[in-house]
>>> print(open('protein-v6.pdb').read())   # PDB, C-alpha atoms, pLDDT in the B column
ATOM      1  CA  MET A   1      -0.235 -14.399  17.622  1.00 27.00           C
ATOM      2  CA  ASP A   2       0.236 -10.626  17.449  1.00 38.00           C
ATOM      3  CA  ALA A   3       3.271  -9.271  15.608  1.00 40.00           C
ATOM      4  CA  ALA A   4       4.697  -7.953  18.895  1.00 45.00           C
ATOM      5  CA  ASP A   5       4.709 -11.504  20.265  1.00 44.00           C
ATOM      6  CA  ARG A   6       7.199 -12.484  17.568  1.00 46.00           C
ATOM      7  CA  GLY A   7       9.116  -9.219  17.592  1.00 59.00           C
ATOM      8  CA  GLU A   8       7.726  -8.374  14.157  1.00 86.00           C
ATOM      9  CA  PHE A   9       7.327  -4.650  14.341  1.00 92.00           C
ATOM     10  CA  VAL A  10       9.093  -1.648  12.948  1.00 93.00           C
ATOM     11  CA  VAL A  11      10.232   1.480  14.719  1.00 95.00           C
ATOM     12  CA  ARG A  12      10.017   4.650  12.687  1.00 95.00           C
ATOM     13  CA  ARG A  13       9.311   8.367  12.948  1.00 96.00           C
ATOM     14  CA  ALA A  14       5.614   9.027  13.595  1.00 97.00           C
ATOM     15  CA  ARG A  15       3.690  11.086  11.074  1.00 96.00           C
ATOM     16  CA  GLU A  16       1.526  14.043  12.035  1.00 95.00           C
ATOM     17  CA  SER A  17      -1.535  12.208  10.727  1.00 96.00           C
ATOM     18  CA  GLU A  18      -0.992   9.412  13.280  1.00 96.00           C
ATOM     19  CA  ALA A  19      -1.578  11.512  16.406  1.00 97.00           C
ATOM     20  CA  ASP A  20      -5.074  10.148  17.006  1.00 97.00           C
ATOM     21  CA  ARG A  21      -3.864   6.561  16.619  1.00 97.00           C
ATOM     22  CA  LEU A  22      -1.113   7.179  19.179  1.00 98.00           C
ATOM     23  CA  ALA A  23      -3.592   8.797  21.542  1.00 97.00           C
ATOM     24  CA  GLY A  24      -5.666   5.622  21.194  1.00 97.00           C
ATOM     25  CA  ILE A  25      -2.933   3.518  22.814  1.00 97.00           C
ATOM     26  CA  ASP A  26      -1.945   6.125  25.427  1.00 97.00           C
ATOM     27  CA  THR A  27      -3.584   5.181  28.732  1.00 95.00           C
ATOM     28  CA  VAL A  28      -3.710   8.805  29.912  1.00 96.00           C
ATOM     29  CA  ALA A  29      -5.179  10.141  26.657  1.00 97.00           C
ATOM     30  CA  VAL A  30      -7.713   7.316  26.535  1.00 95.00           C
ATOM     31  CA  GLU A  31      -8.978   8.378  29.974  1.00 95.00           C
ATOM     32  CA  GLY A  32      -9.881  11.747  28.451  1.00 94.00           C
ATOM     33  CA  ASP A  33      -6.823  13.887  29.195  1.00 95.00           C
ATOM     34  CA  ASP A  34      -7.088  16.632  26.554  1.00 97.00           C
ATOM     35  CA  GLU A  35      -3.677  18.049  27.477  1.00 97.00           C
ATOM     36  CA  ARG A  36      -2.031  14.691  26.688  1.00 97.00           C
ATOM     37  CA  ARG A  37      -3.874  14.502  23.369  1.00 97.00           C
ATOM     38  CA  ALA A  38      -2.653  18.014  22.516  1.00 98.00           C
ATOM     39  CA  SER A  39       0.913  17.031  23.447  1.00 98.00           C
ATOM     40  CA  ILE A  40       0.741  13.962  21.217  1.00 98.00           C
ATOM     41  CA  ARG A  41      -0.460  16.106  18.311  1.00 98.00           C
ATOM     42  CA  ARG A  42       2.368  18.601  18.933  1.00 98.00           C
ATOM     43  CA  TRP A  43       5.026  15.863  19.212  1.00 98.00           C
ATOM     44  CA  CYS A  44       3.872  14.280  15.936  1.00 97.00           C
ATOM     45  CA  ARG A  45       3.659  17.661  14.164  1.00 97.00           C
ATOM     46  CA  GLN A  46       7.186  18.577  15.305  1.00 96.00           C
ATOM     47  CA  GLY A  47       8.648  15.209  14.290  1.00 95.00           C
ATOM     48  CA  LEU A  48       9.624  14.330  17.872  1.00 96.00           C
ATOM     49  CA  ALA A  49       7.664  11.078  18.191  1.00 97.00           C
ATOM     50  CA  VAL A  50       8.865   7.635  17.195  1.00 97.00           C
ATOM     51  CA  VAL A  51       6.348   4.811  16.863  1.00 97.00           C
ATOM     52  CA  ALA A  52       6.627   1.033  17.133  1.00 97.00           C
ATOM     53  CA  GLU A  53       4.132  -0.436  14.690  1.00 95.00           C
ATOM     54  CA  GLY A  54       3.010  -4.014  14.211  1.00 93.00           C
ATOM     55  CA  ALA A  55       0.480  -5.576  11.864  1.00 91.00           C
ATOM     56  CA  SER A  56      -2.347  -4.489  14.182  1.00 89.00           C
ATOM     57  CA  GLY A  57      -1.204  -0.845  14.301  1.00 93.00           C
ATOM     58  CA  PRO A  58       0.780   1.204  16.821  1.00 96.00           C
ATOM     59  CA  LEU A  59       2.181  -0.714  19.780  1.00 97.00           C
ATOM     60  CA  GLY A  60       3.943   2.177  21.484  1.00 97.00           C
ATOM     61  CA  TYR A  61       5.622   5.508  21.017  1.00 98.00           C
ATOM     62  CA  CYS A  62       8.539   7.484  22.394  1.00 98.00           C
ATOM     63  CA  VAL A  63       9.311  11.206  22.376  1.00 98.00           C
ATOM     64  CA  VAL A  64      12.709  12.905  22.621  1.00 97.00           C
ATOM     65  CA  GLU A  65      12.966  16.637  23.155  1.00 97.00           C
ATOM     66  CA  TYR A  66      16.141  18.734  23.349  1.00 96.00           C
ATOM     67  CA  THR A  67      15.238  21.144  26.120  1.00 93.00           C
ATOM     68  CA  PHE A  68      17.014  19.518  29.083  1.00 95.00           C
ATOM     69  CA  PHE A  69      20.129  21.684  29.596  1.00 95.00           C
ATOM     70  CA  GLY A  70      20.947  21.309  25.906  1.00 94.00           C
ATOM     71  CA  HIS A  71      20.695  17.497  25.985  1.00 96.00           C
ATOM     72  CA  GLY A  72      18.194  15.017  24.666  1.00 97.00           C
ATOM     73  CA  PHE A  73      15.473  13.956  27.085  1.00 98.00           C
ATOM     74  CA  VAL A  74      12.976  11.129  26.663  1.00 98.00           C
ATOM     75  CA  THR A  75       9.834  13.043  27.569  1.00 97.00           C
ATOM     76  CA  MET A  76       7.452  10.157  27.001  1.00 98.00           C
ATOM     77  CA  LEU A  77       7.578   6.417  26.539  1.00 98.00           C
ATOM     78  CA  MET A  78       4.203   4.747  26.186  1.00 98.00           C
ATOM     79  CA  VAL A  79       3.563   1.129  25.286  1.00 97.00           C
ATOM     80  CA  ALA A  80       0.001  -0.094  24.763  1.00 96.00           C
ATOM     81  CA  PRO A  81      -0.975  -2.339  27.688  1.00 94.00           C
ATOM     82  CA  PRO A  82      -1.430  -5.486  25.514  1.00 93.00           C
ATOM     83  CA  ALA A  83       2.078  -4.992  24.028  1.00 94.00           C
ATOM     84  CA  ARG A  84       3.930  -4.548  27.327  1.00 92.00           C
ATOM     85  CA  GLY A  85       6.643  -7.022  28.252  1.00 90.00           C
ATOM     86  CA  ARG A  86       7.347  -7.916  24.614  1.00 90.00           C
ATOM     87  CA  GLY A  87      10.364  -5.753  23.831  1.00 93.00           C
ATOM     88  CA  VAL A  88       8.499  -2.763  22.402  1.00 96.00           C
ATOM     89  CA  GLY A  89       9.731  -0.278  25.017  1.00 96.00           C
ATOM     90  CA  HIS A  90      13.299  -1.568  24.757  1.00 95.00           C
ATOM     91  CA  ARG A  91      13.299  -1.205  20.966  1.00 95.00           C
ATOM     92  CA  LEU A  92      11.858   2.310  21.181  1.00 97.00           C
ATOM     93  CA  LEU A  93      14.510   3.377  23.695  1.00 96.00           C
ATOM     94  CA  SER A  94      17.229   1.825  21.567  1.00 94.00           C
ATOM     95  CA  ALA A  95      16.006   3.614  18.440  1.00 94.00           C
ATOM     96  CA  VAL A  96      15.840   7.046  20.067  1.00 95.00           C
ATOM     97  CA  ALA A  97      19.270   6.538  21.619  1.00 95.00           C
ATOM     98  CA  ALA A  98      20.705   5.747  18.185  1.00 93.00           C
ATOM     99  CA  SER A  99      19.117   8.819  16.615  1.00 93.00           C
ATOM    100  CA  CYS A 100      19.746  11.294  19.451  1.00 94.00           C
ATOM    101  CA  THR A 101      21.565  14.389  18.193  1.00 93.00           C
ATOM    102  CA  THR A 102      23.294  15.263  21.490  1.00 94.00           C
ATOM    103  CA  LEU A 103      26.105  13.533  23.343  1.00 93.00           C
ATOM    104  CA  LYS A 104      23.895  12.777  26.334  1.00 95.00           C
ATOM    105  CA  LEU A 105      20.360  11.432  26.525  1.00 97.00           C
ATOM    106  CA  PHE A 106      18.418  11.516  29.782  1.00 97.00           C
ATOM    107  CA  THR A 107      15.025  10.460  31.055  1.00 98.00           C
ATOM    108  CA  SER A 108      13.236  10.224  34.369  1.00 98.00           C
ATOM    109  CA  THR A 109      10.545   8.229  36.099  1.00 97.00           C
ATOM    110  CA  ASN A 110       8.888   8.212  39.469  1.00 97.00           C
ATOM    111  CA  VAL A 111      10.458   6.052  42.164  1.00 97.00           C
ATOM    112  CA  SER A 112       7.114   4.216  42.323  1.00 97.00           C
ATOM    113  CA  ASN A 113       7.341   3.200  38.627  1.00 96.00           C
ATOM    114  CA  GLN A 114       9.242  -0.045  39.075  1.00 96.00           C
ATOM    115  CA  PRO A 115       8.447  -1.464  35.592  1.00 95.00           C
ATOM    116  CA  MET A 116      10.019   1.597  33.919  1.00 96.00           C
ATOM    117  CA  GLN A 117      13.065   1.389  36.168  1.00 97.00           C
ATOM    118  CA  ARG A 118      13.556  -2.287  35.267  1.00 96.00           C
ATOM    119  CA  LEU A 119      13.193  -1.469  31.554  1.00 96.00           C
ATOM    120  CA  LEU A 120      15.752   1.336  31.753  1.00 97.00           C
ATOM    121  CA  GLN A 121      18.252  -0.865  33.571  1.00 95.00           C
ATOM    122  CA  ARG A 122      17.807  -3.709  31.046  1.00 93.00           C
ATOM    123  CA  ALA A 123      18.296  -1.174  28.240  1.00 93.00           C
ATOM    124  CA  GLY A 124      21.627  -0.008  29.696  1.00 93.00           C
ATOM    125  CA  TRP A 125      20.566   3.280  31.309  1.00 96.00           C
ATOM    126  CA  SER A 126      22.186   4.326  34.595  1.00 95.00           C
ATOM    127  CA  PRO A 127      20.522   6.167  37.487  1.00 96.00           C
ATOM    128  CA  VAL A 128      22.171   9.572  37.901  1.00 95.00           C
ATOM    129  CA  GLY A 129      20.045  11.567  40.313  1.00 95.00           C
ATOM    130  CA  LEU A 130      16.958  11.963  42.426  1.00 96.00           C
ATOM    131  CA  LEU A 131      14.683  14.986  42.567  1.00 96.00           C
ATOM    132  CA  HIS A 132      12.109  15.617  45.274  1.00 96.00           C
ATOM    133  CA  GLY A 133       9.174  17.972  44.920  1.00 93.00           C
ATOM    134  CA  LEU A 134       7.689  17.233  41.485  1.00 92.00           C
ATOM    135  CA  ASP A 135       5.119  14.677  42.610  1.00 92.00           C
ATOM    136  CA  GLU A 136       4.379  14.854  46.325  1.00 92.00           C
ATOM    137  CA  GLY A 137       5.695  11.756  48.073  1.00 94.00           C
ATOM    138  CA  ASP A 138       7.028  10.152  44.864  1.00 96.00           C
ATOM    139  CA  PRO A 139      10.505  11.458  43.923  1.00 97.00           C
ATOM    140  CA  GLU A 140      11.683  11.536  40.321  1.00 97.00           C
ATOM    141  CA  LEU A 141      14.651   9.279  39.464  1.00 97.00           C
ATOM    142  CA  PHE A 142      16.800  10.492  36.538  1.00 97.00           C
ATOM    143  CA  TYR A 143      18.678   8.189  34.173  1.00 97.00           C
ATOM    144  CA  LEU A 144      21.463   8.625  31.613  1.00 97.00           C
ATOM    145  CA  CYS A 145      21.530   6.494  28.487  1.00 95.00           C
ATOM    146  CA  GLY A 146      24.441   4.133  27.937  1.00 86.00           C
ATOM    147  CA  ARG A 147      23.988   4.659  24.135  1.00 64.00           C
ATOM    148  CA  GLN A 148      22.352   1.484  22.892  1.00 47.00           C
ATOM    149  CA  THR A 149      21.996   1.264  19.151  1.00 44.00           C
ATOM    150  CA  GLY A 150      18.788   0.473  17.353  1.00 44.00           C
ATOM    151  CA  THR A 151      17.056   0.373  14.022  1.00 44.00           C
ATOM    152  CA  MET A 152      14.605   3.024  12.965  1.00 43.00           C
ATOM    153  CA  HIS A 153      13.065   3.326   9.537  1.00 41.00           C
ATOM    154  CA  PRO A 154      12.264   6.732   7.985  1.00 42.00           C
TER
END
>>> encode(input="protein-v6.pdb", output="structure tokens")
Amino acid sequence: MDAADRGEFVVRRARESEADRLAGIDTVAVEGDDERRASIRRWCRQGLAVVAEGASGPLGYCVVEYTFFGHGFVTMLMVAPPARGRGVGHRLLSAVAASCTTLKLFTSTNVSNQPMQRLLQRAGWSPVGLLHGLDEGDPELFYLCGRQTGTMHP
């Protein structure tokens, strides 16, 4: 049984040296997207990425940036396909909410991304707006965090 099956994983700040390992669980980076790989390196270098790590290595990661009208914004939440549905995404969201340095924390997802919408609702986030025009035919749904608390290790 993998550590994620039993909830045995830690959530902590990712180190710059872990960028390649995070890219290895990112479905977009794995498909050869060099821009995503560069973003992962930048997020790790800038200390913006948080990783969920089990005995087998990284299970997922989450990135918060502070460029959304002066508020925190979850730019990326990625959980490795084998670790999905095991609480990894929820724990990552909870940890970044607890460590967010602004009063409000937002994120967004496409209307077509039902699994992410279900995760956000279970984690206490509320839908706050809809934006058309980013992805043709698939509006972006914005969410506001209800300020869950979590545990993150340095």
>>> closest_residue(input="protein-v6.pdb", among="A:Glu8, A:Asp26, A:Glu18, A:Asp34", to="Ala55 (chain A)", atoms="all atoms listed in the file")
A:Glu8
>>> residues_around(input="protein-v6.pdb", residues="Gly146 (chain A)", least_positions_apart="5", cutoff="8 Å", atoms="only C-alpha atoms", output="compact mmCIF listing (two decimals) with C-alpha atoms, keeping the file's coordinate frame")
# COMPACT_ATOMS: atom_id res chain seq x y z
CA GLY A 124 21.63 -0.01 29.70
CA TRP A 125 20.57 3.28 31.31
CA SER A 126 22.19 4.33 34.60
>>> atom_distance(input="protein-v6.pdb", atom1="CA of Ala83 (chain A)", atom2="CA of Val63 (chain A)")
17.8 Å
>>> resolve_selection(input="protein-v6.pdb", expression="the PyMOL selection byres ((chain A and resi 43) around 10)", output="PyMOL selection string")
chain A and resi 14-16+19+37-42+44-50+62-65+76
>>> resolve_selection(input="protein-v6.pdb", expression="the PyMOL selection byres ((chain A and resi 61) around 10)", output="list in words")
Val11, Arg12, Arg13, Ala14, Leu22, Ala23, Ile25, Asp26, Ile40, Ala49, Val50, Val51, Ala52, Glu53, Pro58, Leu59, Gly60, Cys62, Val63, Met76, Leu77, Met78, Val79, Ala80, Val88, Gly89, Leu92 and Leu93 of chain A
>>> atom_distance(input="protein-v6.pdb", atom1="CA of Thr75 (chain A)", atom2="CA of Leu105 (chain A)")
10.7 Å
>>> resolve_selection(input="protein-v6.pdb", expression="the PyMOL selection byres ((chain A and resi 129) around 7)", output="list in words")
Pro127, Val128, Leu130, Leu131, Leu141 and Phe142 of chain A
>>> write_last_selection(input="protein-v6.pdb", atoms="C-alpha atoms", output="compact mmCIF listing (two decimals), in the frame of the given file")
# COMPACT_ATOMS: atom_id res chain seq x y z
CA PRO A 127 20.52 6.17 37.49
CA VAL A 128 22.17 9.57 37.90
CA LEU A 130 16.96 11.96 42.43
CA LEU A 131 14.68 14.99 42.57
CA LEU A 141 14.65 9.28 39.46
CA PHE A 142 16.80 10.49 36.54
>>> atom_distance(input="protein-v6.pdb", atom1="CA of Asp33 (chain A)", atom2="CA of Pro115 (chain A)")
22.6 Å
>>> axis_aligned_box(input="protein-v6.pdb", around="region 128-141 of chain A", padding_each_side="3 Å", output="JSON")
{"center_x": 13.3, "center_y": 13.6, "center_z": 43.0, "size_x": 23.8, "size_y": 14.7, "size_z": 16.2}
>>> residues_near_point(input="protein-v6.pdb", point="(22.4, 13.7, 23.7)", cutoff="12 Å", atoms="all atoms listed in the file", output="number ranges by chain")
A: 64-74, 96-107, 144-147
